[in-house]
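Participant: Here's a structure for you.
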Amino acid sequence: MGLEQEIERAGERIKKVILRTPIIYSAALSKLTGKEIFLKLENLQTTGSFKIRGAYYKLSSLYHSKRVQEVVAASAGNHAQGVAYASSLLGIRATIVMPEGASLAKQIATRAYGGEVVLFGQNTDEALCYAKEMQKQGKFFIHPFDDEEVIAGQGTIGLEILEDVPDLEGIIVPVGGGGLISGIATIVKKKRPNIQIIGVQSSQVPAAFRSFMRKRMVSVTSKPTLADGIAVGRIGEIPFSILRQKVDEMALVGEEEIVSALLLLIERKRIIAEGAGATPLAALLSKRTRRIPKKIVLVISGGNIDVHLLDRIIEKGLTRTGRMTRFEVLLRDVPGSLAQLTSMVAQLQANVLHIVHERTAQDVPIGCSKVILILETRGPDHILQITKRLKRRGYVLQRLD
């Protein structure tokens, strides 16, 4: 059976278990980019990402053939949750190896889905090596991306996209180990070879990008990235062979671009995506591709983002776009001086989010106090207006952004 037929088979087998996630048209993003933008919302999938598709199809194949009673997998979170949940549905014991720095929220979720979590290594690659060693204990290893049945499960997304947007011209897909894009590209290019398939990676971990450009598999050292779901130091062999044949282009995006995309999805669409899931939008907005089709689907691959990280991302994104700013102001240490300052800020229609008031710091002159104001503003022009007005009134101030 060829991979295209395997994907069709997977679509039939898993449809009772996985959600057929919606594809929505975004008027706001279309207006912003001059394209027709559709979002495939795998962040709404069971377990919060597309990974349940490949995990369930692989495990169900093992279950029906009675080949296995216990499995082991390695993942920073999404594959872990997919394998844990699929195993619980099929009555198979699952051990999941996660990097020591894996999100606490993802660890908790994996355990809640029924998986036994083992922490090992500093990144996904080290966890993967340890999981492979555990095969010696009789556990069947479920690879997160270098497996045809796993790829077939992920490829069912391509089937749904073709049915829901039959006249589309392009798809942008996050790429880590390559399982998602190789599954989508395989079925889409079979049915509609003119559709452009574009992969996107974080510039912090560009293994698939470099492999694609150099036409040979290249390993890279993983660096910290918001897109931890695609932080894989080496693309899989099976995905790479498909990538070379069926993917039209690869792009890289930086951390600041991912932050901007995450914030835009929240503000414009009320969509919570994880870093990897926001990379297609980041690539589109930053114009990292040579040719962007007119009618395009962005695969929002997952939404499993730690809420504490999300809070920091929102704050950073607001600061970067001028929606929030920090001022350090020296005041005369007399009654009413702070009230006068905040009154002036209010007159300028800025919102005070937080105030830090210090008198005893070493850099504060005698008779003065230092105030740090965190303000919500309308943007860079508004910040400039506030700065000029305060300086004209004699305030000594410094922006801390």
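So you can find residues: chains in the structure tokens are A, B, ... in the order shown, residues in each start at 1, and ligands are numbered from 1 in order.
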Would you tabulate, counting only C-alpha atoms, all residues of region 10-104 of chain A that have an atom at most 8 Å from an atom of region 253-276 of chain A, showing the closest pair of atoms and their distance in Å to one decimal, sorted by chain then ascending number, as CSV?
Facilitator:
residue,atom,partner,partner_atom,distance
A:Ser26,CA,A:Lys269,CA,7.7
A:Ala28,CA,A:Arg268,CA,6.8
A:Leu29,CA,A:Arg268,CA,8.0
A:Asn43,CA,A:Ala273,CA,6.3
Participant: Neighbouring residues of Ile157 (chain A) were defined as those with any atom within 9 Å, considering only C-alpha atoms; residues of the same chain fewer than 3 positions away were excluded. Please report them as a list in words.
Facilitator: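 These residues fall inside the cut-off: Gly11, Arg20, Thr21, Lys40, Glu42, Phe50, Arg53, Gly153, Gln154, Glu160, Ile161, Leu162, Leu180, Gly183, Ile184 and Val299 of chain A.
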Participant: Return the single residue from A:Arg389, A:Glu249, A:Leu59, A:Met1 that is closest to Arg291 (chain A), with distances computed using only C-alpha atoms.
Facilitator: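 Nearest to Arg291 (chain A): A:Glu249.
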Participant: Give the strand (DSSP E or B) residues of region 62-278 of chain A, as assigned by DSSP on the backbone, as a ChimeraX atom specification.
Facilitator: /A:70-74,93-98,116-119,140-141,170-174,196-202,249-253
Participant: From the list A:His79, A:Lys132, A:Lys246, A:Arg93, which residue is nearest Gly177 (chain A) when using only C-alpha atoms?
Facilitator: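 The closest residue to Gly177 (chain A) is A:His79.
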Participant: Tell me which protein, DNA and RNA residues are within 6 Å of region 122-125 of chain A, counting only C-alpha atoms, leaving out same-chain ones fewer than 5 positions away, and put them as a ChimeraX atom specification.
Facilitator: /A:75-76,99-100
Participant: Between A:Tyr395, A:Phe38, A:Tyr63, A:Tyr57, which is the closest to Glu149 (chain A) once you count only C-alpha atoms?
Facilitator: A:Tyr57
Participant: Could you list, as a ChimeraX atom specification, every residue within 10 Å of region 356-366 of chain A, counting only C-alpha atoms and ignoring same-chain residues fewer than 5 positions away?
Facilitator: /A:328-333,338,371-374
Participant: Pick out the residues sitting within 12 Å of Arg192 (chain A), and hand them over as an MDAnalysis selection string; count only C-alpha atoms, and ignore anything fewer than 2 positions along from it in its own chain.
Facilitator: chainID A and resid 158:159 161:163 165:171 184:190 194:197 246
Participant: Between A:Gly379, A:Pro174, A:Pro335, A:Pro239, which has the minimum distance to Ala282 (chain A) (counting only C-alpha atoms)?
Facilitator: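 Smallest separation from Ala282 (chain A) among the options: A:Pro174.
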Participant: Could you find all residues in region 146-305 of chain A that DSSP calls alpha helix (DSSP H) from the backbone, and write them as a PyMOL selection string?
Facilitator: chain A and resi 148-164+179-191+207-214+237-246+255-269+275-285
